[in-house]
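Engineer: Pasting protein.cif here (mmCIF, C-alpha atoms, pLDDT in the B column; chains and numbers go by the auth columns):
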```
data_data
loop_
_atom_site.group_PDB
_atom_site.id
_atom_site.type_symbol
_atom_site.label_atom_id
_atom_site.label_comp_id
_atom_site.label_asym_id
_atom_site.label_seq_id
_atom_site.Cartn_x
_atom_site.Cartn_y
_atom_site.Cartn_z
_atom_site.B_iso_or_equiv
_atom_site.auth_seq_id
_atom_site.auth_asym_id
ATOM 1 C CA MET A 1 72.989 53.954 65.870 61.00 1 A
ATOM 2 C CA ASN A 2 75.438 56.610 66.729 73.00 2 A
ATOM 3 C CA LYS A 3 78.120 57.225 64.197 79.00 3 A
ATOM 4 C CA LEU A 4 81.439 58.348 65.501 76.00 4 A
ATOM 5 C CA PRO A 5 83.285 60.855 63.363 78.00 5 A
ATOM 6 C CA LYS A 6 86.381 59.598 61.697 82.00 6 A
ATOM 7 C CA VAL A 7 89.338 61.611 62.905 81.00 7 A
ATOM 8 C CA PHE A 8 92.836 61.164 61.652 78.00 8 A
ATOM 9 C CA VAL A 9 95.356 61.001 64.483 79.00 9 A
ATOM 10 C CA ASN A 10 98.991 61.333 63.562 79.00 10 A
ATOM 11 C CA LYS A 11 101.393 59.437 65.778 78.00 11 A
ATOM 12 C CA THR A 12 104.270 61.467 67.197 74.00 12 A
ATOM 13 C CA SER A 13 107.536 59.658 67.247 74.00 13 A
ATOM 14 C CA ASN A 14 110.002 62.430 68.112 72.00 14 A
ATOM 15 C CA LYS A 15 110.539 64.320 71.344 71.00 15 A
ATOM 16 C CA ASN A 16 109.349 67.921 71.588 67.00 16 A
ATOM 17 C CA VAL A 17 112.341 70.243 71.775 65.00 17 A
ATOM 18 C CA ASN A 18 110.585 73.598 71.896 65.00 18 A
ATOM 19 C CA ASN A 19 110.825 73.701 75.707 61.00 19 A
ATOM 20 C CA GLU A 20 114.555 73.577 76.231 61.00 20 A
ATOM 21 C CA GLU A 21 116.255 74.017 79.582 63.00 21 A
ATOM 22 C CA VAL A 22 118.447 77.089 79.962 62.00 22 A
ATOM 23 C CA PHE A 23 121.444 77.500 82.252 59.00 23 A
ATOM 24 C CA TYR A 24 123.532 80.637 82.682 61.00 24 A
ATOM 25 C CA SER A 25 126.879 80.794 84.406 65.00 25 A
ATOM 26 C CA LYS A 26 129.260 83.685 84.811 65.00 26 A
ATOM 27 C CA LYS A 27 132.987 83.106 85.099 66.00 27 A
ATOM 28 C CA GLY A 28 134.788 84.563 88.065 54.00 28 A
ATOM 29 C CA LYS A 29 133.265 85.635 91.341 46.00 29 A
ATOM 30 C CA SER A 30 129.834 84.603 92.454 45.00 30 A
ATOM 31 C CA VAL A 31 127.109 87.013 91.397 42.00 31 A
ATOM 32 C CA SER A 32 124.648 86.255 94.164 43.00 32 A
ATOM 33 C CA LYS A 33 124.883 88.327 97.310 46.00 33 A
ATOM 34 C CA THR A 34 123.368 87.403 100.618 47.00 34 A
ATOM 35 C CA LEU A 35 121.148 90.023 102.200 49.00 35 A
ATOM 36 C CA ASP A 36 121.126 90.495 105.921 59.00 36 A
ATOM 37 C CA SER A 37 117.419 90.305 106.721 65.00 37 A
ATOM 38 C CA SER A 38 117.743 92.239 109.984 72.00 38 A
ATOM 39 C CA ASN A 39 119.411 95.134 108.138 74.00 39 A
ATOM 40 C CA VAL A 40 116.641 95.202 105.526 77.00 40 A
ATOM 41 C CA VAL A 41 113.920 95.123 108.185 80.00 41 A
ATOM 42 C CA ASN A 42 115.651 97.876 110.182 81.00 42 A
ATOM 43 C CA ASN A 43 115.941 100.047 107.056 83.00 43 A
ATOM 44 C CA LEU A 44 112.229 99.603 106.305 87.00 44 A
ATOM 45 C CA LEU A 45 111.291 100.490 109.886 91.00 45 A
ATOM 46 C CA VAL A 46 113.459 103.623 109.773 91.00 46 A
ATOM 47 C CA GLN A 47 111.864 104.690 106.477 91.00 47 A
ATOM 48 C CA LYS A 48 108.389 104.154 107.933 93.00 48 A
ATOM 49 C CA LYS A 49 109.251 106.196 111.032 93.00 49 A
ATOM 50 C CA ILE A 50 110.622 109.024 108.864 93.00 50 A
ATOM 51 C CA ASN A 51 107.485 109.009 106.727 93.00 51 A
ATOM 52 C CA ASP A 52 105.325 109.064 109.850 93.00 52 A
ATOM 53 C CA ILE A 53 107.271 112.032 111.237 92.00 53 A
ATOM 54 C CA PHE A 54 106.948 114.074 108.044 93.00 54 A
ATOM 55 C CA ASN A 55 103.273 113.145 107.511 93.00 55 A
ATOM 56 C CA SER A 56 102.194 113.931 111.072 91.00 56 A
ATOM 57 C CA PRO A 57 99.978 116.975 111.704 89.00 57 A
ATOM 58 C CA ASN A 58 102.668 118.332 114.090 84.00 58 A
ATOM 59 C CA PHE A 59 105.149 118.821 111.233 87.00 59 A
ATOM 60 C CA VAL A 60 104.846 122.261 109.668 88.00 60 A
ATOM 61 C CA TYR A 61 108.366 123.343 108.791 90.00 61 A
ATOM 62 C CA LYS A 62 110.839 121.626 111.076 91.00 62 A
ATOM 63 C CA VAL A 63 110.908 118.857 113.655 93.00 63 A
ATOM 64 C CA LYS A 64 113.439 117.900 116.321 94.00 64 A
ATOM 65 C CA VAL A 65 114.390 114.226 116.383 94.00 65 A
ATOM 66 C CA ASN A 66 116.730 111.908 118.232 94.00 66 A
ATOM 67 C CA VAL A 67 118.830 110.023 115.692 94.00 67 A
ATOM 68 C CA VAL A 68 121.287 107.163 116.149 92.00 68 A
ATOM 69 C CA LEU A 69 123.747 107.099 113.240 92.00 69 A
ATOM 70 C CA LYS A 70 126.127 104.313 112.238 89.00 70 A
ATOM 71 C CA ASP A 71 129.350 106.302 112.554 89.00 71 A
ATOM 72 C CA GLU A 72 128.476 109.284 114.741 88.00 72 A
ATOM 73 C CA GLY A 73 126.303 107.784 117.490 89.00 73 A
ATOM 74 C CA GLU A 74 123.280 109.513 118.978 93.00 74 A
ATOM 75 C CA LYS A 75 122.439 113.100 118.008 92.00 75 A
ATOM 76 C CA VAL A 76 119.599 115.570 118.312 95.00 76 A
ATOM 77 C CA LEU A 77 118.854 117.060 114.880 94.00 77 A
ATOM 78 C CA THR A 78 116.308 119.405 113.383 94.00 78 A
ATOM 79 C CA LEU A 79 114.926 117.973 110.154 94.00 79 A
ATOM 80 C CA ILE A 80 113.250 120.129 107.531 94.00 80 A
ATOM 81 C CA ALA A 81 112.809 117.879 104.473 93.00 81 A
ATOM 82 C CA LYS A 82 112.994 114.339 103.141 93.00 82 A
ATOM 83 C CA THR A 83 114.558 113.263 99.851 91.00 83 A
ATOM 84 C CA ASN A 84 114.455 109.858 98.154 89.00 84 A
ATOM 85 C CA ASP A 85 117.526 108.542 99.950 90.00 85 A
ATOM 86 C CA GLY A 86 118.086 110.959 102.822 92.00 86 A
ATOM 87 C CA VAL A 87 116.833 113.678 105.136 94.00 87 A
ATOM 88 C CA LEU A 88 117.845 117.331 105.145 94.00 88 A
ATOM 89 C CA THR A 89 118.755 119.076 108.387 94.00 89 A
ATOM 90 C CA ILE A 90 118.350 122.749 109.200 94.00 90 A
ATOM 91 C CA ASP A 91 122.164 123.021 108.940 94.00 91 A
ATOM 92 C CA ASN A 92 121.866 122.071 105.239 92.00 92 A
ATOM 93 C CA LYS A 93 123.385 118.609 105.748 93.00 93 A
ATOM 94 C CA ILE A 94 122.012 115.521 104.038 94.00 94 A
ATOM 95 C CA ILE A 95 121.931 112.382 106.167 94.00 95 A
ATOM 96 C CA LEU A 96 121.438 109.166 104.225 93.00 96 A
ATOM 97 C CA ILE A 97 118.606 106.953 105.420 91.00 97 A
ATOM 98 C CA LYS A 98 120.837 103.873 105.160 90.00 98 A
ATOM 99 C CA ASP A 99 123.140 105.439 107.815 91.00 99 A
ATOM 100 C CA ILE A 100 120.290 105.894 110.326 92.00 100 A
ATOM 101 C CA LEU A 101 119.894 103.049 112.825 91.00 101 A
ATOM 102 C CA GLN A 102 117.085 104.580 114.925 92.00 102 A
ATOM 103 C CA ILE A 103 114.995 107.710 114.784 93.00 103 A
ATOM 104 C CA SER A 104 112.336 109.118 117.085 92.00 104 A
ATOM 105 C CA GLU A 105 110.570 112.433 117.434 91.00 105 A
ATOM 106 C CA LYS A 106 111.711 114.477 120.401 85.00 106 A
#
```
Kindly transcribe the structure held in the file into structure tokens.
Structural biologist:
Amino acid sequence: MNKLPKVFVNKTSNKNVNNEEVFYSKKGKSVSKTLDSSNVVNNLLVQKKINDIFNSPNFVYKVKVNVVLKDEGEKVLTLIAKTNDGVLTIDNKIILIKDILQISEK
């Protein structure tokens, strides 16, 4: 005959409270901001195009590009370097990537 081990089982009568629900609210204006998905996608495409221009075998020191800017419209610029948040022109001007709507190599 098989003998089953005797195991003591304690009955739980109270509710577990170690997993409490947490809620945070901030007074005043709403903290959440809505992101325009088309703006985010456009910004990522512009960054990819800029990276492709600077990583191409045609880029040695400078490259001419057609750029459409938010405030200034379409321009032809000569780019010489890329920073984290902008590009540097040969005229020593920094153009922010977030201000660029379109860019293409000329």
Engineer: Could you tell me which residues the PyMOL selection byres ((chain A and resi 80) around 10) returns for this structure, as a ChimeraX atom specification?
Structural biologist: /A:54,59-64,77-79,81-82,87-92
Engineer: Save the residues we just selected, C-alpha atoms, as an mmCIF file, in the coordinates of the input?
Structural biologist:
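Result file part-v5.cif:
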```
data_model
loop_
_atom_site.group_PDB
_atom_site.id
_atom_site.type_symbol
_atom_site.label_atom_id
_atom_site.label_comp_id
_atom_site.auth_asym_id
_atom_site.auth_seq_id
_atom_site.Cartn_x
_atom_site.Cartn_y
_atom_site.Cartn_z
ATOM 1 C CA PHE A 54 106.948 114.074 108.044
ATOM 2 C CA PHE A 59 105.149 118.821 111.233
ATOM 3 C CA VAL A 60 104.846 122.261 109.668
ATOM 4 C CA TYR A 61 108.366 123.343 108.791
ATOM 5 C CA LYS A 62 110.839 121.626 111.076
ATOM 6 C CA VAL A 63 110.908 118.857 113.655
ATOM 7 C CA LYS A 64 113.439 117.900 116.321
ATOM 8 C CA LEU A 77 118.854 117.060 114.880
ATOM 9 C CA THR A 78 116.308 119.405 113.383
ATOM 10 C CA LEU A 79 114.926 117.973 110.154
ATOM 11 C CA ALA A 81 112.809 117.879 104.473
ATOM 12 C CA LYS A 82 112.994 114.339 103.141
ATOM 13 C CA VAL A 87 116.833 113.678 105.136
ATOM 14 C CA LEU A 88 117.845 117.331 105.145
ATOM 15 C CA THR A 89 118.755 119.076 108.387
ATOM 16 C CA ILE A 90 118.350 122.749 109.200
ATOM 17 C CA ASP A 91 122.164 123.021 108.940
ATOM 18 C CA ASN A 92 121.866 122.071 105.239
#
```
Engineer: Quick one, how far is CA of Asp99 (chain A) from CA of Asp71 (chain A)?
Structural biologist: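 Separation of CA of Asp99 (chain A) and CA of Asp71 (chain A): 7.9 Å.
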Engineer: So the first atom is CA of Glu105 (chain A) and the second is CA of Lys70 (chain A); what is the distance between them in Å, to one decimal place?
Structural biologist: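 Interatomic distance, CA of Glu105 (chain A) to CA of Lys70 (chain A): 18.3 Å.
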Engineer: How far is it from CA of Thr83 (chain A) to CA of Leu69 (chain A), in Å with one decimal?
Structural biologist: 17.4 Å
Engineer: Skip Ile100 (chain A) itself and residues of its chain fewer than 6 positions away, then list as a PyMOL selection string all residues within 10 Å of it, counting all atoms listed in the file.
Structural biologist: chain A and resi 42-43+46-47+67-74+86-87
Engineer: Return the padded bounding box of region 44-50 of chain A as AutoDock Vina command-line options: axis-aligned, built from all atoms listed in the file, 8 Å added on each side, with centre and edge lengths in Å to one decimal.
Structural biologist:
```
--center_x 110.9 --center_y 104.3 --center_z 108.7 --size_x 21.1 --size_y 25.4 --size_z 20.7
```
Engineer: For Ser38 (chain A), which residue among A:Lys106, A:Leu4, A:Thr12, A:Leu101 is the nearest when counting all atoms listed in the file?
Structural biologist: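 Selected residue with least distance to Ser38 (chain A): A:Leu101.
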Engineer: Which residue, A:Asn66, A:Ser104, A:Asn10, A:Asn2, has the smallest gap to Ile50 (chain A) when you use all atoms listed in the file?
Structural biologist: A:Ser104
Engineer: Pull N, CA, C and O atoms for region 53-82 of chain A from the block and write them as a compact mmCIF listing (two decimals), in the first residue's frame.
Structural biologist:
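Output (decode-v1.txt):
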```txt
# COMPACT_ATOMS: atom_id res chain seq x y z
N ILE A 53 22.84 60.35 -47.07
CA ILE A 53 23.66 61.32 -47.82
C ILE A 53 25.08 61.36 -47.27
O ILE A 53 26.06 61.32 -48.02
N PHE A 54 25.22 61.42 -45.94
CA PHE A 54 26.55 61.52 -45.35
C PHE A 54 27.31 60.19 -45.36
O PHE A 54 28.53 60.19 -45.25
N ASN A 55 26.62 59.07 -45.47
CA ASN A 55 27.30 57.77 -45.52
C ASN A 55 27.54 57.27 -46.94
O ASN A 55 28.10 56.19 -47.11
N SER A 56 27.13 58.03 -47.93
CA SER A 56 27.30 57.59 -49.32
C SER A 56 28.78 57.71 -49.72
O SER A 56 29.52 58.53 -49.18
N PRO A 57 29.20 56.91 -50.69
CA PRO A 57 30.60 57.00 -51.14
C PRO A 57 30.88 58.29 -51.91
O PRO A 57 32.03 58.66 -52.10
N ASN A 58 29.84 59.02 -52.34
CA ASN A 58 30.02 60.28 -53.06
C ASN A 58 30.39 61.43 -52.12
O ASN A 58 30.89 62.45 -52.57
N PHE A 59 30.11 61.29 -50.83
CA PHE A 59 30.39 62.36 -49.88
C PHE A 59 31.84 62.26 -49.41
O PHE A 59 32.26 61.29 -48.81
N VAL A 60 32.61 63.30 -49.73
CA VAL A 60 33.99 63.38 -49.26
C VAL A 60 34.12 64.53 -48.27
O VAL A 60 34.51 64.33 -47.12
N TYR A 61 33.79 65.73 -48.72
CA TYR A 61 33.87 66.89 -47.83
C TYR A 61 32.56 67.66 -47.79
O TYR A 61 32.12 68.09 -46.74
N LYS A 62 31.95 67.85 -48.94
CA LYS A 62 30.73 68.63 -49.00
C LYS A 62 29.79 68.03 -50.03
O LYS A 62 30.21 67.30 -50.92
N VAL A 63 28.50 68.33 -49.86
CA VAL A 63 27.49 67.82 -50.78
C VAL A 63 26.41 68.87 -50.95
O VAL A 63 26.02 69.54 -49.99
N LYS A 64 25.97 69.06 -52.19
CA LYS A 64 24.87 69.99 -52.47
C LYS A 64 23.55 69.25 -52.36
O LYS A 64 23.41 68.15 -52.88
N VAL A 65 22.60 69.88 -51.67
CA VAL A 65 21.29 69.26 -51.46
C VAL A 65 20.19 70.28 -51.69
O VAL A 65 20.39 71.49 -51.55
N ASN A 66 19.04 69.79 -52.08
CA ASN A 66 17.81 70.58 -52.11
C ASN A 66 17.10 70.35 -50.79
O ASN A 66 16.84 69.21 -50.41
N VAL A 67 16.77 71.42 -50.09
CA VAL A 67 16.15 71.33 -48.77
C VAL A 67 14.88 72.17 -48.76
O VAL A 67 14.86 73.29 -49.25
N VAL A 68 13.81 71.59 -48.20
CA VAL A 68 12.58 72.34 -47.96
C VAL A 68 12.48 72.54 -46.45
O VAL A 68 12.38 71.58 -45.69
N LEU A 69 12.53 73.81 -46.03
CA LEU A 69 12.49 74.15 -44.61
C LEU A 69 11.09 74.63 -44.22
O LEU A 69 10.33 75.10 -45.07
N LYS A 70 10.78 74.54 -42.95
CA LYS A 70 9.46 74.95 -42.45
C LYS A 70 9.20 76.42 -42.73
O LYS A 70 8.16 76.79 -43.27
N ASP A 71 10.12 77.29 -42.36
CA ASP A 71 9.88 78.73 -42.43
C ASP A 71 10.40 79.38 -43.71
O ASP A 71 9.87 80.38 -44.16
N GLU A 72 11.45 78.82 -44.29
CA GLU A 72 12.14 79.51 -45.39
C GLU A 72 11.84 78.94 -46.77
O GLU A 72 12.30 79.48 -47.76
N GLY A 73 11.13 77.84 -46.86
CA GLY A 73 10.81 77.26 -48.16
C GLY A 73 11.95 76.43 -48.71
O GLY A 73 12.79 75.91 -47.98
N GLU A 74 12.01 76.34 -50.04
CA GLU A 74 13.00 75.49 -50.69
C GLU A 74 14.30 76.25 -50.92
O GLU A 74 14.30 77.41 -51.34
N LYS A 75 15.42 75.57 -50.63
CA LYS A 75 16.75 76.17 -50.79
C LYS A 75 17.71 75.12 -51.33
O LYS A 75 17.51 73.92 -51.14
N VAL A 76 18.77 75.60 -51.95
CA VAL A 76 19.89 74.73 -52.33
C VAL A 76 21.03 75.07 -51.38
O VAL A 76 21.48 76.22 -51.31
N LEU A 77 21.49 74.08 -50.61
CA LEU A 77 22.53 74.29 -49.61
C LEU A 77 23.68 73.34 -49.85
O LEU A 77 23.52 72.26 -50.44
N THR A 78 24.84 73.71 -49.34
CA THR A 78 26.00 72.84 -49.35
C THR A 78 26.26 72.41 -47.92
O THR A 78 26.61 73.22 -47.06
N LEU A 79 26.09 71.13 -47.65
CA LEU A 79 26.27 70.59 -46.31
C LEU A 79 27.68 70.03 -46.16
O LEU A 79 28.22 69.43 -47.09
N ILE A 80 28.26 70.23 -44.97
CA ILE A 80 29.60 69.70 -44.73
C ILE A 80 29.66 68.76 -43.53
O ILE A 80 30.60 67.98 -43.42
N ALA A 81 28.69 68.82 -42.62
CA ALA A 81 28.75 67.96 -41.44
C ALA A 81 27.35 67.77 -40.86
O ALA A 81 26.43 68.52 -41.15
N LYS A 82 27.25 66.74 -40.02
CA LYS A 82 26.00 66.43 -39.33
C LYS A 82 26.27 66.39 -37.84
O LYS A 82 27.26 65.81 -37.40
```
